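Listing of data_22.csv, CSV, C-alpha atoms
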chain,number,residue,atom,x,y,z
A,1,MET,CA,42.0,-48.9,241.6
A,2,ALA,CA,43.9,-49.7,238.4
A,3,ALA,CA,46.6,-52.3,238.7
A,4,THR,CA,49.8,-53.0,236.8
A,5,THR,CA,51.2,-56.2,235.5
A,6,THR,CA,54.8,-54.9,235.6
A,7,LYS,CA,57.1,-56.9,237.8
A,8,LEU,CA,58.8,-54.8,240.4
A,9,LYS,CA,62.2,-56.3,239.6
A,10,THR,CA,62.0,-54.7,236.2
A,11,ILE,CA,61.8,-51.2,237.7
A,12,GLY,CA,65.4,-50.1,237.8
A,13,SER,CA,64.8,-46.4,237.3
A,14,TYR,CA,62.1,-43.9,238.3
A,15,ALA,CA,61.5,-40.3,237.5
A,16,ALA,CA,58.9,-38.1,239.2
A,17,ILE,CA,57.3,-35.1,237.6
A,18,GLY,CA,54.8,-32.7,239.0
A,19,ASP,CA,54.3,-29.8,241.4
A,20,SER,CA,54.8,-29.2,245.2
A,21,PHE,CA,53.0,-32.5,246.0
A,22,THR,CA,55.6,-34.5,244.2
A,23,GLU,CA,58.5,-32.2,245.2
A,24,GLY,CA,57.6,-33.1,248.8
A,25,VAL,CA,56.7,-29.8,250.3
A,26,GLY,CA,55.5,-30.4,253.9
A,27,ASP,CA,58.0,-33.2,254.5
A,28,PRO,CA,61.2,-31.5,255.6
A,29,GLY,CA,64.5,-33.2,254.7
A,30,PRO,CA,68.2,-32.3,255.4
A,31,GLY,CA,68.9,-28.5,255.3
A,32,ASP,CA,66.3,-26.7,253.2
A,33,SER,CA,65.3,-29.7,251.1
A,34,HIS,CA,62.1,-31.7,251.1
A,35,LEU,CA,61.6,-35.5,251.0
A,36,GLY,CA,58.0,-36.4,250.1
A,37,TRP,CA,56.1,-39.4,248.9
A,38,ALA,CA,58.0,-39.8,245.6
A,39,ASP,CA,61.4,-39.9,247.5
A,40,ARG,CA,59.9,-42.4,249.9
A,41,LEU,CA,58.5,-44.5,247.1
A,42,ALA,CA,61.9,-44.5,245.4
A,43,VAL,CA,63.4,-46.0,248.6
A,44,LEU,CA,60.8,-48.7,248.6
A,45,LEU,CA,61.5,-49.5,245.0
A,46,ALA,CA,65.3,-49.4,245.5
A,47,ASP,CA,64.9,-52.0,248.3
A,48,GLN,CA,63.7,-54.5,245.7
A,49,ARG,CA,67.0,-54.2,243.8
A,50,ASP,CA,70.6,-55.0,244.4
A,51,GLU,CA,72.6,-52.2,246.1
A,52,HIS,CA,73.3,-49.3,243.7
A,53,ASP,CA,71.1,-51.0,241.0
A,54,PHE,CA,68.3,-48.4,241.1
A,55,ARG,CA,68.3,-44.8,239.8
A,56,TYR,CA,65.9,-42.0,240.7
A,57,ALA,CA,65.2,-38.5,239.5
A,58,ASN,CA,62.7,-35.9,240.9
A,59,LEU,CA,61.9,-33.1,238.4
A,60,ALA,CA,58.9,-31.7,240.3
A,61,VAL,CA,58.8,-28.0,241.2
A,62,ARG,CA,56.3,-26.4,243.6
A,63,GLY,CA,53.6,-24.0,242.2
A,64,LYS,CA,53.8,-25.3,238.6
A,65,LEU,CA,50.7,-25.4,236.4
A,66,LEU,CA,50.1,-28.3,234.0
A,67,ASP,CA,51.3,-26.6,230.9
A,68,GLN,CA,54.5,-25.6,232.7
A,69,ILE,CA,55.1,-29.2,233.8
A,70,VAL,CA,54.5,-30.4,230.3
A,71,ALA,CA,56.9,-27.8,228.8
A,72,ASP,CA,59.7,-28.1,231.3
A,73,GLN,CA,59.6,-31.5,232.9
A,74,LEU,CA,58.0,-33.9,230.4
A,75,PRO,CA,60.8,-33.5,227.8
A,76,ARG,CA,63.4,-34.2,230.4
A,77,ALA,CA,61.5,-37.3,231.7
A,78,LYS,CA,61.3,-38.6,228.1
A,79,ALA,CA,65.0,-38.0,227.6
A,80,LEU,CA,65.8,-39.9,230.8
A,81,ALA,CA,63.6,-42.8,229.5
A,82,PRO,CA,63.2,-44.5,233.0
A,83,ASP,CA,61.3,-47.7,233.6
A,84,LEU,CA,58.6,-45.7,235.6
A,85,VAL,CA,57.4,-42.1,235.6
A,86,SER,CA,54.9,-40.7,238.1
A,87,PHE,CA,52.9,-37.9,236.6
A,88,CYS,CA,50.8,-35.7,239.0
A,89,ALA,CA,49.7,-32.4,237.5
A,90,GLY,CA,46.6,-30.2,237.2
A,91,GLY,CA,45.9,-29.6,240.8
A,92,ASN,CA,47.2,-26.0,240.7
A,93,ASP,CA,45.1,-25.4,237.6
A,94,ILE,CA,41.9,-26.8,239.1
A,95,ILE,CA,42.0,-24.5,242.2
A,96,ARG,CA,42.3,-21.4,240.1
A,97,PRO,CA,39.0,-19.4,239.7
A,98,GLY,CA,37.3,-20.1,236.4
A,99,SER,CA,39.3,-23.2,235.5
A,100,ASP,CA,37.5,-26.0,233.6
A,101,PRO,CA,38.4,-29.5,234.7
A,102,ASP,CA,37.3,-30.9,231.4
A,103,ASP,CA,39.8,-28.7,229.6
A,104,VAL,CA,42.6,-29.4,232.1
A,105,ALA,CA,42.0,-33.2,231.6
A,106,GLU,CA,42.1,-32.9,227.8
A,107,ARG,CA,45.6,-31.3,228.1
A,108,PHE,CA,46.6,-33.8,230.7
A,109,GLU,CA,45.7,-36.7,228.4
A,110,ALA,CA,47.7,-35.3,225.5
A,111,ALA,CA,50.7,-35.2,227.8
A,112,VAL,CA,50.1,-38.8,229.0
A,113,ALA,CA,49.8,-40.0,225.4
A,114,ASP,CA,53.2,-38.3,224.6
A,115,LEU,CA,54.9,-39.7,227.7
A,116,ALA,CA,53.5,-43.2,227.5
A,117,GLY,CA,55.2,-43.8,224.2
A,118,ALA,CA,58.7,-42.9,225.5
A,119,VAL,CA,59.1,-44.5,228.9
A,120,GLY,CA,58.4,-47.9,230.4
A,121,GLN,CA,55.3,-47.0,232.4
A,122,VAL,CA,53.4,-44.0,233.6
A,123,MET,CA,51.6,-43.9,237.0
A,124,ILE,CA,49.1,-41.1,237.2
A,125,THR,CA,47.4,-39.6,240.2
A,126,THR,CA,43.9,-38.5,241.1
A,127,GLY,CA,43.1,-35.5,243.3
A,128,PHE,CA,42.4,-35.7,247.1
A,129,ASP,CA,38.8,-35.6,248.5
A,130,THR,CA,38.7,-32.0,249.8
A,131,ARG,CA,35.5,-32.3,251.8
A,132,GLY,CA,37.2,-31.3,255.0
A,133,VAL,CA,39.7,-28.7,253.7
A,134,PRO,CA,38.8,-25.1,254.3
A,135,VAL,CA,38.3,-23.1,251.1
A,136,LEU,CA,39.2,-26.1,248.9
A,137,LYS,CA,36.1,-28.0,250.1
A,138,HIS,CA,34.1,-25.7,247.8
A,139,LEU,CA,36.1,-27.1,244.9
A,140,ARG,CA,35.3,-30.7,245.6
A,141,GLY,CA,33.0,-31.1,242.6
A,142,LYS,CA,35.8,-29.8,240.2
A,143,VAL,CA,38.4,-32.1,241.8
A,144,ALA,CA,36.0,-35.1,241.6
A,145,THR,CA,35.3,-34.3,237.9
A,146,TYR,CA,39.0,-34.1,237.1
A,147,SER,CA,39.7,-37.3,239.1
A,148,ALA,CA,37.1,-39.2,237.1
A,149,HIS,CA,38.9,-38.0,233.9
A,150,VAL,CA,42.2,-39.2,235.2
A,151,ARG,CA,40.8,-42.7,235.9
A,152,ALA,CA,39.4,-42.8,232.3
A,153,ILE,CA,42.7,-41.7,230.9
A,154,ALA,CA,44.5,-44.4,232.9
A,155,ASP,CA,42.2,-47.0,231.3
A,156,ARG,CA,42.9,-45.8,227.8
A,157,TYR,CA,46.7,-45.8,228.3
A,158,ASP,CA,47.0,-48.7,230.6
A,159,CYS,CA,48.4,-46.6,233.4
A,160,PRO,CA,48.4,-47.6,237.1
A,161,VAL,CA,46.5,-45.1,239.2
A,162,LEU,CA,47.5,-43.7,242.5
A,163,ASP,CA,44.0,-43.0,243.7
A,164,LEU,CA,44.3,-40.4,246.4
A,165,TRP,CA,40.5,-39.8,246.5
A,166,SER,CA,40.0,-43.3,248.0
A,167,LEU,CA,42.8,-43.0,250.5
A,168,LYS,CA,40.7,-42.2,253.6
A,169,SER,CA,43.5,-41.8,256.0
A,170,VAL,CA,44.7,-38.5,254.4
A,171,GLN,CA,41.3,-36.9,255.3
A,172,ASP,CA,42.6,-36.7,258.9
A,173,ARG,CA,44.0,-33.2,259.6
A,174,ARG,CA,47.2,-34.9,260.9
A,175,ALA,CA,48.0,-35.9,257.4
A,176,TRP,CA,48.4,-32.3,256.4
A,177,ASP,CA,51.0,-29.6,257.1
A,178,THR,CA,50.0,-26.4,258.9
A,179,ASP,CA,49.3,-24.7,255.6
A,180,ARG,CA,46.5,-27.2,254.9
A,181,LEU,CA,47.6,-27.4,251.2
A,182,HIS,CA,50.5,-29.8,251.5
A,183,LEU,CA,50.9,-33.2,253.3
A,184,SER,CA,52.7,-33.7,256.5
A,185,PRO,CA,55.5,-36.2,256.7
A,186,GLU,CA,53.1,-38.9,257.9
A,187,GLY,CA,50.7,-38.0,255.0
A,188,HIS,CA,53.5,-38.3,252.5
A,189,THR,CA,54.5,-41.6,254.0
A,190,ARG,CA,51.0,-43.0,253.6
A,191,VAL,CA,50.8,-41.9,250.0
A,192,ALA,CA,54.2,-43.5,249.3
A,193,LEU,CA,52.9,-46.8,250.8
A,194,ARG,CA,49.7,-46.6,248.7
A,195,ALA,CA,51.8,-45.9,245.5
A,196,ALA,CA,53.9,-49.0,246.3
A,197,GLN,CA,50.8,-51.1,246.7
A,198,VAL,CA,49.6,-49.9,243.3
A,199,LEU,CA,52.8,-51.1,241.8
A,200,GLY,CA,52.4,-54.5,243.4
A,201,LEU,CA,54.8,-54.1,246.3
A,202,ASP,CA,54.2,-55.7,249.6
A,203,VAL,CA,54.3,-52.9,252.2
A,204,PRO,CA,55.1,-53.1,255.9
A,205,THR,CA,52.1,-51.0,257.0
A,206,ASP,CA,48.6,-50.4,255.7
A,207,PRO,CA,48.5,-46.8,254.5
A,208,ASP,CA,44.8,-46.6,255.4
A,209,GLN,CA,45.2,-47.9,259.0
A,210,PRO,CA,43.3,-45.7,261.5
A,211,TRP,CA,45.1,-42.8,263.2
A,212,PRO,CA,45.5,-43.0,267.0
A,213,PRO,CA,42.5,-41.5,268.9
A,214,GLN,CA,42.9,-37.9,270.0
A,215,GLN,CA,41.0,-35.5,272.2
A,216,PRO,CA,38.2,-33.6,270.5
A,217,ARG,CA,39.0,-29.9,270.0
A,218,GLY,CA,36.8,-27.2,271.2
A,219,SER,CA,35.2,-24.6,268.9
A,220,VAL,CA,37.4,-21.8,270.3
A,221,ASP,CA,40.6,-23.7,269.5
A,222,VAL,CA,39.3,-24.5,266.0
A,223,THR,CA,38.4,-20.9,265.3
A,224,ARG,CA,41.8,-19.6,266.6
A,225,ASP,CA,43.6,-22.1,264.4
A,226,ASN,CA,41.5,-21.1,261.4
A,227,ILE,CA,42.3,-17.4,261.9
A,228,GLN,CA,46.0,-18.2,262.3
A,229,TRP,CA,46.0,-20.3,259.2
A,230,ALA,CA,44.3,-17.6,257.2
A,231,ARG,CA,46.8,-15.0,258.3
A,232,ASP,CA,49.9,-17.1,257.8
A,233,HIS,CA,49.0,-19.1,254.7
A,234,LEU,CA,45.7,-18.1,252.9
A,235,VAL,CA,46.4,-14.3,252.7
A,236,PRO,CA,49.9,-14.8,251.3
A,237,TRP,CA,48.7,-17.4,248.8
A,238,ILE,CA,46.0,-15.0,247.5
A,239,GLY,CA,48.6,-12.2,247.3
A,240,ARG,CA,50.8,-14.3,245.1
A,241,ARG,CA,47.9,-15.1,242.8
A,242,LEU,CA,47.0,-11.4,242.5
A,243,ARG,CA,50.7,-10.5,241.7
A,244,GLY,CA,51.0,-13.3,239.2
A,245,GLU,CA,53.8,-14.9,241.3
A,246,SER,CA,54.4,-18.6,242.1
A,247,SER,CA,56.0,-20.3,245.0
A,248,GLY,CA,58.1,-22.1,242.4
A,249,ASP,CA,59.6,-19.0,240.9
A,250,HIS,CA,63.4,-19.4,240.9
A,251,VAL,CA,63.2,-23.0,242.3
A,252,GLU,CA,65.1,-25.7,240.5
A,253,ALA,CA,64.3,-29.4,240.4
A,254,LYS,CA,66.0,-31.1,243.4
A,255,ARG,CA,67.2,-34.2,241.5
A,256,PRO,CA,67.3,-33.5,237.8
A,257,ASP,CA,69.2,-36.6,236.8
A,258,LEU,CA,68.7,-40.4,237.3
A,259,LEU,CA,71.2,-41.0,240.1
A,260,PRO,CA,71.8,-44.1,242.2
A,261,LEU,CA,69.8,-44.2,245.4

In structure tokens, write the structure found in this file.
Amino acid sequence: MAATTTKLKTIGSYAAIGDSFTEGVGDPGPGDSHLGWADRLAVLLADQRDEHDFRYANLAVRGKLLDQIVADQLPRAKALAPDLVSFCAGGNDIIRPGSDPDDVAERFEAAVADLAGAVGQVMITTGFDTRGVPVLKHLRGKVATYSAHVRAIADRYDCPVLDLWSLKSVQDRRAWDTDRLHLSPEGHTRVALRAAQVLGLDVPTDPDQPWPPQQPRGSVDVTRDNIQWARDHLVPWIGRRLRGESSGDHVEAKRPDLLPL
């Protein structure tokens, strides 16, 4: 895992850009809002500062592809010029049929190069190990290839890496929402803790600590859950792809300005 030499006390502002993962889908907040790992990381960073001496923006919007994030969110992040930007993108590109992780990584690197010259520091994110995720487990090789590119890009631009592939605790199904595409509140919490560790913060709990034991589930229960998941989540997702729709259509960034936290 790449490390950073930046002192936490110098991080007085943070902007998050990305897709549903960074928006916080799967981690319900007040009303119809979402929290998520980036919001939770912002709280941990704010705790290192005096009261009202930390500002945070979250520009992420669910369903966005890399080029959309670069076109819509990256210029705003540059204009805000925060001390830290987290940049997680490319996952929605990788899971599309026929996508090339080498091509996605090349475009991602161009964006990192542009962003790194305008903000204090850029933290970038690998993909998850999808070995146990229905449907997505067949894309594990593509995700691994893209993640290897991300690590190499981090080395070239001196970026800290939020390495989700190595975070074993999120391979437990309890780390995931019922749609199996987004993290649960506990999953988001563990990612936030790992991100804080990457930035050099002492955290109260090990994000990779084992989950409590649970009763094994029978094959009938597993099959029933898989059928329910396919009906409620997989079929609608495929339908949106076929119609050229995105879950992020008509969704605005939840925190477009650097505001005190």

_I want to know what sits within 12 Å of Pro160 of chain A, based on all atoms listed in the file, with residues of the same chain fewer than 2 positions away left out; could you give that as a ChimeraX atom specification?_
/A:1-6,84-87,116,121-126,150-158,162-163,194-200

*In terms of the shortest atom-to-atom distance over all atoms listed in the file, which of A:Val143, A:Gly98, A:Val112, A:Phe21 is closest to Gly127 of chain A?*
A:Val143

*At what distance in Å, to one decimal, does atom CA of Pro260 of chain A lie from atom CA of Gly12 of chain A?*
9.8 Å

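Note that the spacing between atom CA of Asp83 of chain A and atom CA of Leu41 of chain A amounts to 14.2 Å.
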
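In terms of minimum interatomic distance to Leu45 of chain A, A:Ala15 ranks closest within A:Val161, A:Ala15, A:Val220, A:Leu183, counting all atoms listed in the file.
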
*Between atom CA of Leu259 of chain A and atom CA of Tyr56 of chain A, what is the spacing in Å?*
5.4 Å

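Proximity ranking of A:Asp72, A:Glu109, A:Asp93, A:Asp39 relative to Glu23 of chain A places A:Asp39 first, based on only C-alpha atoms.
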
*asked:* Taking all atoms listed in the file into account, name the residue in A:Arg55, A:His149, A:Lys168, A:His182 that is nearest to Asn92 of chain A.
replied: A:His182

*Within 7 Å of Pro101 of chain A using only C-alpha atoms, minus same-chain residues under 5 positions, as a VMD selection string*: chain A and resid 94 142 145 to 146

*Compare A:Thr178, A:Thr10, A:Ser184, A:Thr130 by their minimum atom-to-atom distance to Val25 of chain A, counting all atoms listed in the file, and give me the closest one.*
A:Ser184

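Compared by their closest atoms to Val133 of chain A, and using all atoms listed in the file, the residues A:Val251, A:Val170, A:Ala71, A:Ala42 rank with A:Val170 nearest.
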
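Residues lying within 10 Å of Arg76 of chain A, counting only C-alpha atoms and ignoring same-chain neighbours fewer than 3 positions away, are A:Ala15, A:Ile17, A:Leu59, A:Val70, A:Ala71, A:Asp72, A:Gln73, A:Ala79, A:Leu80, A:Ala81, A:Pro256, A:Asp257.
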